[in-house]
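Coordinates from start05.cif are shown below (mmCIF, C-alpha atoms).
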```
data_coords
#
loop_
_atom_site.group_PDB
_atom_site.id
_atom_site.type_symbol
_atom_site.label_atom_id
_atom_site.label_comp_id
_atom_site.auth_asym_id
_atom_site.auth_seq_id
_atom_site.Cartn_x
_atom_site.Cartn_y
_atom_site.Cartn_z
ATOM 1 C CA MET A 1 157.506 144.416 73.533
ATOM 2 C CA PRO A 2 157.827 142.623 76.871
ATOM 3 C CA THR A 3 160.787 143.487 79.009
ATOM 4 C CA GLN A 4 162.865 140.895 80.794
ATOM 5 C CA GLU A 5 161.597 142.218 84.134
ATOM 6 C CA LYS A 6 157.957 141.675 83.132
ATOM 7 C CA ILE A 7 158.689 138.185 81.815
ATOM 8 C CA GLU A 8 160.364 137.281 85.112
ATOM 9 C CA SER A 9 157.461 138.791 87.046
ATOM 10 C CA VAL A 10 154.938 136.677 85.115
ATOM 11 C CA GLU A 11 157.020 133.515 85.564
ATOM 12 C CA GLU A 12 157.410 134.168 89.289
ATOM 13 C CA LEU A 13 153.651 134.636 89.719
ATOM 14 C CA ARG A 14 153.003 131.514 87.627
ATOM 15 C CA GLY A 15 155.245 129.575 90.024
ATOM 16 C CA ARG A 16 153.402 130.912 93.082
ATOM 17 C CA LEU A 17 150.023 130.089 91.533
ATOM 18 C CA ASP A 18 151.050 126.527 90.677
ATOM 19 C CA GLY A 19 149.045 124.175 92.923
ATOM 20 C CA VAL A 20 147.217 127.008 94.669
ATOM 21 C CA ARG A 21 144.200 125.962 96.764
ATOM 22 C CA THR A 22 142.925 129.442 97.521
ATOM 23 C CA LEU A 23 143.188 132.690 95.600
ATOM 24 C CA LEU A 24 141.327 135.746 96.879
ATOM 25 C CA LEU A 25 141.061 138.954 94.900
ATOM 26 C CA THR A 26 140.792 142.240 96.747
ATOM 27 C CA GLU A 27 140.688 145.903 95.925
ATOM 28 C CA TYR A 28 143.152 147.775 98.084
ATOM 29 C CA ARG A 29 142.295 151.345 97.038
ATOM 30 C CA GLY A 30 142.324 153.590 100.106
ATOM 31 C CA LEU A 31 144.607 151.429 102.257
ATOM 32 C CA THR A 32 147.792 152.955 103.575
ATOM 33 C CA VAL A 33 151.178 151.296 103.288
ATOM 34 C CA GLN A 34 151.035 150.517 107.025
ATOM 35 C CA GLN A 35 147.626 148.844 106.664
ATOM 36 C CA LEU A 36 148.868 146.725 103.736
ATOM 37 C CA SER A 37 151.878 145.777 105.834
ATOM 38 C CA ASP A 38 149.566 144.730 108.683
ATOM 39 C CA LEU A 39 147.466 142.671 106.254
ATOM 40 C CA ARG A 40 150.556 140.907 104.917
ATOM 41 C CA LYS A 41 151.672 140.170 108.479
ATOM 42 C CA GLN A 42 148.292 138.647 109.402
ATOM 43 C CA LEU A 43 148.275 136.569 106.228
ATOM 44 C CA ARG A 44 151.795 135.264 106.827
ATOM 45 C CA SER A 45 150.580 133.866 110.155
ATOM 46 C CA VAL A 46 148.137 131.632 108.221
ATOM 47 C CA SER A 47 150.664 130.681 105.494
ATOM 48 C CA ALA A 48 149.315 133.062 102.863
ATOM 49 C CA GLU A 49 150.807 135.932 100.948
ATOM 50 C CA TYR A 50 149.427 139.191 99.596
ATOM 51 C CA THR A 51 150.745 140.456 96.312
ATOM 52 C CA VAL A 52 149.932 143.335 94.017
ATOM 53 C CA ILE A 53 150.672 142.908 90.326
ATOM 54 C CA LYS A 54 149.494 144.592 87.168
ATOM 55 C CA ASN A 55 146.257 143.044 85.933
ATOM 56 C CA ARG A 56 147.658 142.498 82.432
ATOM 57 C CA LEU A 57 150.605 140.525 83.831
ATOM 58 C CA ALA A 58 148.343 138.589 86.193
ATOM 59 C CA ARG A 59 146.122 137.527 83.265
ATOM 60 C CA LEU A 60 149.207 136.164 81.510
ATOM 61 C CA ALA A 61 150.300 134.258 84.635
ATOM 62 C CA LEU A 62 146.937 132.611 85.351
ATOM 63 C CA SER A 63 146.698 128.982 84.314
ATOM 64 C CA PRO A 64 143.671 127.622 82.412
ATOM 65 C CA ASP A 65 142.195 126.303 85.711
ATOM 66 C CA LEU A 66 142.053 129.882 86.987
ATOM 67 C CA ALA A 67 140.530 131.286 83.767
ATOM 68 C CA GLU A 68 137.329 132.286 85.639
ATOM 69 C CA VAL A 69 139.376 134.751 87.687
ATOM 70 C CA LYS A 70 140.627 136.696 84.651
ATOM 71 C CA GLY A 71 137.357 138.619 84.300
ATOM 72 C CA LEU A 72 137.696 139.954 87.849
ATOM 73 C CA LEU A 73 141.065 141.577 87.230
ATOM 74 C CA LYS A 74 139.875 145.160 86.918
ATOM 75 C CA GLY A 75 141.027 148.171 88.882
ATOM 76 C CA PRO A 76 143.672 148.019 91.618
ATOM 77 C CA THR A 77 143.728 144.327 92.482
ATOM 78 C CA GLY A 78 145.631 142.488 95.166
ATOM 79 C CA MET A 79 145.922 138.700 95.291
ATOM 80 C CA ILE A 80 145.949 136.581 98.399
ATOM 81 C CA ILE A 81 147.555 133.247 97.594
ATOM 82 C CA THR A 82 147.786 130.125 99.744
ATOM 83 C CA LYS A 83 148.231 126.405 99.324
ATOM 84 C CA ASP A 84 146.985 125.730 102.861
ATOM 85 C CA ASP A 85 143.682 125.939 104.737
ATOM 86 C CA PRO A 86 141.229 128.304 102.974
ATOM 87 C CA VAL A 87 139.138 128.795 106.129
ATOM 88 C CA ALA A 88 142.044 130.278 108.082
ATOM 89 C CA VAL A 89 142.806 132.673 105.219
ATOM 90 C CA ALA A 90 139.155 133.741 104.899
ATOM 91 C CA LYS A 91 139.019 134.368 108.665
ATOM 92 C CA ALA A 92 142.184 136.481 108.584
ATOM 93 C CA VAL A 93 140.961 138.564 105.644
ATOM 94 C CA HIS A 94 137.519 139.161 107.148
ATOM 95 C CA THR A 95 139.032 140.080 110.503
ATOM 96 C CA PHE A 96 141.229 142.634 108.763
ATOM 97 C CA ALA A 97 138.341 143.916 106.596
ATOM 98 C CA ARG A 98 136.188 144.558 109.693
ATOM 99 C CA THR A 99 138.725 147.046 111.027
ATOM 100 C CA ASN A 100 139.805 148.395 107.618
ATOM 101 C CA GLN A 101 136.709 149.184 105.582
ATOM 102 C CA ALA A 102 138.785 150.234 102.550
ATOM 103 C CA LEU A 103 139.692 146.614 101.761
ATOM 104 C CA VAL A 104 137.086 145.252 99.354
ATOM 105 C CA ILE A 105 136.937 141.524 98.714
ATOM 106 C CA LYS A 106 136.060 140.971 95.055
ATOM 107 C CA ALA A 107 135.838 137.176 94.931
ATOM 108 C CA GLY A 108 137.716 134.030 95.731
ATOM 109 C CA TYR A 109 138.813 130.881 94.004
ATOM 110 C CA VAL A 110 138.718 128.067 96.554
ATOM 111 C CA GLU A 111 139.374 124.403 95.806
ATOM 112 C CA GLY A 112 138.555 124.819 92.105
ATOM 113 C CA ARG A 113 135.412 126.944 92.515
ATOM 114 C CA LEU A 114 134.803 130.656 92.118
ATOM 115 C CA ILE A 115 133.150 131.986 95.279
ATOM 116 C CA PRO A 116 131.481 135.406 95.643
ATOM 117 C CA PRO A 117 132.306 137.689 98.616
ATOM 118 C CA ASP A 118 129.286 136.520 100.658
ATOM 119 C CA GLY A 119 130.397 132.904 100.157
ATOM 120 C CA LEU A 120 133.814 133.838 101.496
ATOM 121 C CA LYS A 121 132.114 135.404 104.531
ATOM 122 C CA ALA A 122 130.304 132.107 105.141
ATOM 123 C CA LEU A 123 133.623 130.286 104.769
ATOM 124 C CA ALA A 124 135.190 132.620 107.336
ATOM 125 C CA ASP A 125 132.390 131.821 109.785
ATOM 126 C CA LEU A 126 133.186 128.094 109.679
ATOM 127 C CA PRO A 127 135.198 126.623 112.537
ATOM 128 C CA SER A 128 138.803 125.774 111.717
ATOM 129 C CA ARG A 129 139.711 122.349 110.376
ATOM 130 C CA GLU A 130 141.142 121.341 113.765
ATOM 131 C CA ALA A 131 137.950 122.440 115.551
ATOM 132 C CA LEU A 132 135.822 120.443 113.092
ATOM 133 C CA ARG A 133 138.009 117.381 113.651
ATOM 134 C CA ALA A 134 137.690 117.772 117.423
ATOM 135 C CA GLN A 135 133.893 118.035 117.102
ATOM 136 C CA LEU A 136 133.835 114.913 114.933
ATOM 137 C CA VAL A 137 135.983 112.951 117.380
ATOM 138 C CA GLY A 138 133.746 114.091 120.249
ATOM 139 C CA ALA A 139 130.602 113.101 118.357
ATOM 140 C CA ILE A 140 132.024 109.646 117.648
ATOM 141 C CA SER A 141 133.681 108.975 121.014
ATOM 142 C CA GLY A 142 130.657 109.959 123.164
ATOM 143 C CA PRO A 143 128.346 107.164 121.964
ATOM 144 C CA LEU A 144 131.234 104.678 121.899
ATOM 145 C CA THR A 145 132.025 105.440 125.546
ATOM 146 C CA GLN A 146 128.376 104.865 126.438
ATOM 147 C CA LEU A 147 128.367 101.590 124.484
ATOM 148 C CA VAL A 148 131.445 100.328 126.329
ATOM 149 C CA SER A 149 129.852 101.297 129.644
ATOM 150 C CA LEU A 150 126.665 99.423 128.758
ATOM 151 C CA LEU A 151 128.623 96.348 127.699
ATOM 152 C CA LYS A 152 130.549 96.339 130.991
ATOM 153 C CA ALA A 153 127.403 96.818 133.117
ATOM 154 C CA PRO A 154 126.338 93.118 133.360
ATOM 155 C CA GLN A 155 129.792 91.999 134.528
ATOM 156 C CA ARG A 156 129.989 94.897 136.984
ATOM 157 C CA GLU A 157 126.541 94.068 138.391
ATOM 158 C CA LEU A 158 127.436 90.375 138.694
ATOM 159 C CA VAL A 159 130.600 91.233 140.625
ATOM 160 C CA TYR A 160 128.570 93.565 142.868
ATOM 161 C CA VAL A 161 125.911 90.864 143.580
ATOM 162 C CA LEU A 162 128.568 88.233 144.344
ATOM 163 C CA SER A 163 130.414 90.693 146.536
ATOM 164 C CA GLU A 164 127.268 91.471 148.550
ATOM 165 C CA ARG A 165 126.398 87.782 148.761
ATOM 166 C CA GLY A 166 129.903 87.067 150.061
ATOM 167 C CA LYS A 167 129.516 89.793 152.701
ATOM 168 C CA GLY A 168 126.146 88.398 153.685
ATOM 169 C CA ALA A 169 127.555 84.881 154.054
ATOM 170 C CA ALA A 170 130.450 86.107 156.194
ATOM 171 C CA THR A 171 128.203 87.995 158.622
ATOM 172 C CA ALA A 172 125.399 85.388 158.856
ATOM 173 C CA PRO A 173 125.354 83.399 162.148
ATOM 174 C CA ALA A 174 126.308 79.781 161.850
ATOM 175 C CA ASN A 175 123.444 77.289 162.582
ATOM 176 C CA ASP A 176 124.976 74.299 164.272
#
```

Mind turning this structure into structure tokens?
Amino acid sequence: MPTQEKIESVEELRGRLDGVRTLLLTEYRGLTVQQLSDLRKQLRSVSAEYTVIKNRLARLALSPDLAEVKGLLKGPTGMIITKDDPVAVAKAVHTFARTNQALVIKAGYVEGRLIPPDGLKALADLPSREALRAQLVGAISGPLTQLVSLLKAPQRELVYVLSERGKGAATAPAND
């Protein structure tokens, strides 16, 4: 029989999972309390949270969209939840995992798709959204700047020719 505490726990997790863009599943076996605290701190900086909940309760809290994730809830499982940029979260997790080998990334659910650990590694290697936008703006503005320069060239050359002609006329001796 479910206790009130478990019912509240499931409802709370359901609320946190509502509208989630990224959900990463990890195995935290072997991590110390201090290491988990450090992981939570790093994840907070990218607007994500790390939570540990019983697998049975997590299965109850998962919505039908996240049904693919239910099969991965085996063993000690931690969930990384965010409604923000998945790339920043993947970078933070992989940075932490490099220094803490005990953290095992099981899989991720990103933008409606289940992604294996190697796919999450590829996601972590992507530049941030802001960097991609800056690259796009640079790629677009470079040719446009050249186009504007080319379009101004005939007028600039005409002004230069008239300017030189005017200088030549002013310095030429008068023939009277």

Using all atoms listed in the file, which residues sit within 9 Å of A:Glu27 once same-chain residues fewer than 3 positions away are excluded, as a tab-separated table (two decimals) with C-alpha atoms, in the coordinates of the input?
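The file below, out11.tsv, is the result:
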```tsv
chain	number	residue	atom	x	y	z
A	30	GLY	CA	142.32	153.59	100.11
A	75	GLY	CA	141.03	148.17	88.88
A	76	PRO	CA	143.67	148.02	91.62
A	77	THR	CA	143.73	144.33	92.48
A	78	GLY	CA	145.63	142.49	95.17
A	79	MET	CA	145.92	138.70	95.29
A	102	ALA	CA	138.78	150.23	102.55
A	103	LEU	CA	139.69	146.61	101.76
A	104	VAL	CA	137.09	145.25	99.35
A	105	ILE	CA	136.94	141.52	98.71
A	106	LYS	CA	136.06	140.97	95.06
```

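Minimum atom-to-atom distance to A:Ser63, evaluated using only C-alpha atoms, belongs to A:Gly19 out of A:Pro154, A:Gly19, A:Gly138, A:Pro2.
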
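Between atom CA of A:Lys6 and atom CA of A:Asp65 lies a distance of 22.2 Å.
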
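Using all atoms listed in the file, the residues found no farther than 10 Å from A:Ser128, other than those of its own chain fewer than 2 positions away, are Asp85, Pro86, Val87, Ala88, Lys91, Leu123, Ala124, Asp125, Leu126, Glu130, Ala131, Leu132, Arg133 and Ala134 of chain A.
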
For stretch 85-117 of chain A against stretch 41-61 of chain A, with a cut-off of 8 Å and counting all atoms listed in the file, what is the closest atom pair and its distance in Å to one decimal for every residue that makes the cut, ordered by chain and number, as CSV?
```
residue,atom,partner,partner_atom,distance
A:Ala88,CA,A:Val46,CA,6.2
A:Val89,CA,A:Val46,CA,6.2
A:Ala92,CA,A:Leu43,CA,6.5
A:Val93,CA,A:Leu43,CA,7.6
```

Compare A:Pro64, A:Gly112, A:Gly166, A:Gly71 by their minimum atom-to-atom distance to A:Val20, counting all atoms listed in the file, and give me the closest one. A:Gly112

Report the distance between atom CA of A:Lys121 and atom CA of A:Asp18 in Å, rounded to one decimal place. 25.1 Å

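Here the question is which of A:Gly142, A:Leu24, A:Ala153, A:Gly168 gets nearest to A:Leu72 using all atoms listed in the file, and that residue is A:Leu24.
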
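The gap separating atom CA of A:Leu36 from atom CA of A:Lys74 is 19.1 Å, in Å to one decimal.
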
For the PyMOL selection byres ((chain A and resi 83) around 6), applied here, can you spell out every residue it catches as a list in words? Val20, Arg21, Thr82 and Asp84 of chain A

Min atom-atom distance to A:Gly108 from the set A:Ile80, A:Ala67, A:Ala139, A:Leu150, counting only C-alpha atoms, belongs to A:Ile80

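You can rank A:Val110, A:Val10, A:Leu39, A:Leu136 by their closest distance to A:Thr95 using all atoms listed in the file, and at the top of that list sits A:Leu39.
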
Please enclose the listed atoms of stretch 66-81 of chain A in an axis-aligned box, pad each side by 4 Å, and write out the centre and the three edge lengths in Å, rounded to one decimal, as AutoDock Vina command-line options.
```
--center_x 142.4 --center_y 139.0 --center_z 91.1 --size_x 18.2 --size_y 26.3 --size_z 22.6
```

Atoms are missing here; could stretch 82-112 of chain A be completed with N, CA and C atoms and written as a PDB file, in the coordinates of the input?
```
ATOM      1  N   THR A  82     147.369 131.119  98.761  1.00  0.00           N
ATOM      2  CA  THR A  82     147.786 130.125  99.744  1.00  0.00           C
ATOM      3  C   THR A  82     147.572 128.728  99.185  1.00  0.00           C
ATOM      4  N   LYS A  83     148.382 127.815  99.675  1.00  0.00           N
ATOM      5  CA  LYS A  83     148.231 126.405  99.324  1.00  0.00           C
ATOM      6  C   LYS A  83     147.751 125.616 100.538  1.00  0.00           C
ATOM      7  N   ASP A  84     147.419 126.347 101.612  1.00  0.00           N
ATOM      8  CA  ASP A  84     146.985 125.730 102.861  1.00  0.00           C
ATOM      9  C   ASP A  84     145.488 125.929 103.082  1.00  0.00           C
ATOM     10  N   ASP A  85     145.081 125.889 104.328  1.00  0.00           N
ATOM     11  CA  ASP A  85     143.682 125.939 104.737  1.00  0.00           C
ATOM     12  C   ASP A  85     142.970 127.218 104.292  1.00  0.00           C
ATOM     13  N   PRO A  86     141.942 127.113 103.435  1.00  0.00           N
ATOM     14  CA  PRO A  86     141.229 128.304 102.974  1.00  0.00           C
ATOM     15  C   PRO A  86     140.410 128.981 104.072  1.00  0.00           C
ATOM     16  N   VAL A  87     139.959 128.216 105.058  1.00  0.00           N
ATOM     17  CA  VAL A  87     139.138 128.795 106.129  1.00  0.00           C
ATOM     18  C   VAL A  87     139.960 129.777 106.960  1.00  0.00           C
ATOM     19  N   ALA A  88     141.185 129.394 107.287  1.00  0.00           N
ATOM     20  CA  ALA A  88     142.044 130.278 108.082  1.00  0.00           C
ATOM     21  C   ALA A  88     142.331 131.569 107.332  1.00  0.00           C
ATOM     22  N   VAL A  89     142.537 131.485 106.030  1.00  0.00           N
ATOM     23  CA  VAL A  89     142.806 132.673 105.219  1.00  0.00           C
ATOM     24  C   VAL A  89     141.572 133.571 105.174  1.00  0.00           C
ATOM     25  N   ALA A  90     140.402 132.960 104.945  1.00  0.00           N
ATOM     26  CA  ALA A  90     139.155 133.741 104.899  1.00  0.00           C
ATOM     27  C   ALA A  90     138.906 134.439 106.231  1.00  0.00           C
ATOM     28  N   LYS A  91     139.181 133.752 107.343  1.00  0.00           N
ATOM     29  CA  LYS A  91     139.019 134.368 108.665  1.00  0.00           C
ATOM     30  C   LYS A  91     139.955 135.564 108.832  1.00  0.00           C
ATOM     31  N   ALA A  92     141.202 135.398 108.434  1.00  0.00           N
ATOM     32  CA  ALA A  92     142.184 136.481 108.584  1.00  0.00           C
ATOM     33  C   ALA A  92     141.788 137.690 107.743  1.00  0.00           C
ATOM     34  N   VAL A  93     141.344 137.457 106.529  1.00  0.00           N
ATOM     35  CA  VAL A  93     140.961 138.564 105.644  1.00  0.00           C
ATOM     36  C   VAL A  93     139.731 139.283 106.182  1.00  0.00           C
ATOM     37  N   HIS A  94     138.733 138.531 106.632  1.00  0.00           N
ATOM     38  CA  HIS A  94     137.519 139.161 107.148  1.00  0.00           C
ATOM     39  C   HIS A  94     137.774 139.890 108.464  1.00  0.00           C
ATOM     40  N   THR A  95     138.663 139.374 109.276  1.00  0.00           N
ATOM     41  CA  THR A  95     139.032 140.080 110.503  1.00  0.00           C
ATOM     42  C   THR A  95     139.679 141.410 110.157  1.00  0.00           C
ATOM     43  N   PHE A  96     140.582 141.407 109.188  1.00  0.00           N
ATOM     44  CA  PHE A  96     141.229 142.634 108.763  1.00  0.00           C
ATOM     45  C   PHE A  96     140.218 143.589 108.126  1.00  0.00           C
ATOM     46  N   ALA A  97     139.323 143.078 107.303  1.00  0.00           N
ATOM     47  CA  ALA A  97     138.341 143.916 106.596  1.00  0.00           C
ATOM     48  C   ALA A  97     137.363 144.583 107.562  1.00  0.00           C
ATOM     49  N   ARG A  98     137.093 143.940 108.705  1.00  0.00           N
ATOM     50  CA  ARG A  98     136.188 144.558 109.693  1.00  0.00           C
ATOM     51  C   ARG A  98     136.777 145.846 110.245  1.00  0.00           C
ATOM     52  N   THR A  99     138.085 145.860 110.459  1.00  0.00           N
ATOM     53  CA  THR A  99     138.725 147.046 111.027  1.00  0.00           C
ATOM     54  C   THR A  99     139.220 148.016 109.954  1.00  0.00           C
ATOM     55  N   ASN A 100     139.330 147.559 108.728  1.00  0.00           N
ATOM     56  CA  ASN A 100     139.805 148.395 107.618  1.00  0.00           C
ATOM     57  C   ASN A 100     138.791 148.319 106.485  1.00  0.00           C
ATOM     58  N   GLN A 101     137.818 149.211 106.531  1.00  0.00           N
ATOM     59  CA  GLN A 101     136.709 149.184 105.582  1.00  0.00           C
ATOM     60  C   GLN A 101     137.147 149.406 104.132  1.00  0.00           C
ATOM     61  N   ALA A 102     138.330 149.946 103.913  1.00  0.00           N
ATOM     62  CA  ALA A 102     138.785 150.234 102.550  1.00  0.00           C
ATOM     63  C   ALA A 102     139.109 148.964 101.765  1.00  0.00           C
ATOM     64  N   LEU A 103     139.395 147.865 102.450  1.00  0.00           N
ATOM     65  CA  LEU A 103     139.692 146.614 101.761  1.00  0.00           C
ATOM     66  C   LEU A 103     138.385 146.005 101.265  1.00  0.00           C
ATOM     67  N   VAL A 104     138.288 145.832  99.967  1.00  0.00           N
ATOM     68  CA  VAL A 104     137.086 145.252  99.354  1.00  0.00           C
ATOM     69  C   VAL A 104     137.458 143.879  98.814  1.00  0.00           C
ATOM     70  N   ILE A 105     136.704 142.874  99.209  1.00  0.00           N
ATOM     71  CA  ILE A 105     136.937 141.524  98.714  1.00  0.00           C
ATOM     72  C   ILE A 105     136.092 141.350  97.459  1.00  0.00           C
ATOM     73  N   LYS A 106     136.754 141.107  96.335  1.00  0.00           N
ATOM     74  CA  LYS A 106     136.060 140.971  95.055  1.00  0.00           C
ATOM     75  C   LYS A 106     135.454 139.574  94.903  1.00  0.00           C
ATOM     76  N   ALA A 107     136.273 138.564  95.080  1.00  0.00           N
ATOM     77  CA  ALA A 107     135.838 137.176  94.931  1.00  0.00           C
ATOM     78  C   ALA A 107     136.975 136.273  95.359  1.00  0.00           C
ATOM     79  N   GLY A 108     136.688 134.991  95.376  1.00  0.00           N
ATOM     80  CA  GLY A 108     137.716 134.030  95.731  1.00  0.00           C
ATOM     81  C   GLY A 108     137.625 132.799  94.861  1.00  0.00           C
ATOM     82  N   TYR A 109     138.727 132.149  94.724  1.00  0.00           N
ATOM     83  CA  TYR A 109     138.813 130.881  94.004  1.00  0.00           C
ATOM     84  C   TYR A 109     139.309 129.873  95.032  1.00  0.00           C
ATOM     85  N   VAL A 110     138.397 129.001  95.471  1.00  0.00           N
ATOM     86  CA  VAL A 110     138.718 128.067  96.554  1.00  0.00           C
ATOM     87  C   VAL A 110     138.450 126.648  96.084  1.00  0.00           C
ATOM     88  N   GLU A 111     139.490 125.820  96.149  1.00  0.00           N
ATOM     89  CA  GLU A 111     139.374 124.403  95.806  1.00  0.00           C
ATOM     90  C   GLU A 111     138.705 124.193  94.444  1.00  0.00           C
ATOM     91  N   GLY A 112     139.068 125.001  93.455  1.00  0.00           N
ATOM     92  CA  GLY A 112     138.555 124.819  92.105  1.00  0.00           C
ATOM     93  C   GLY A 112     137.228 125.481  91.801  1.00  0.00           C
TER      94      GLY A 112
END
```
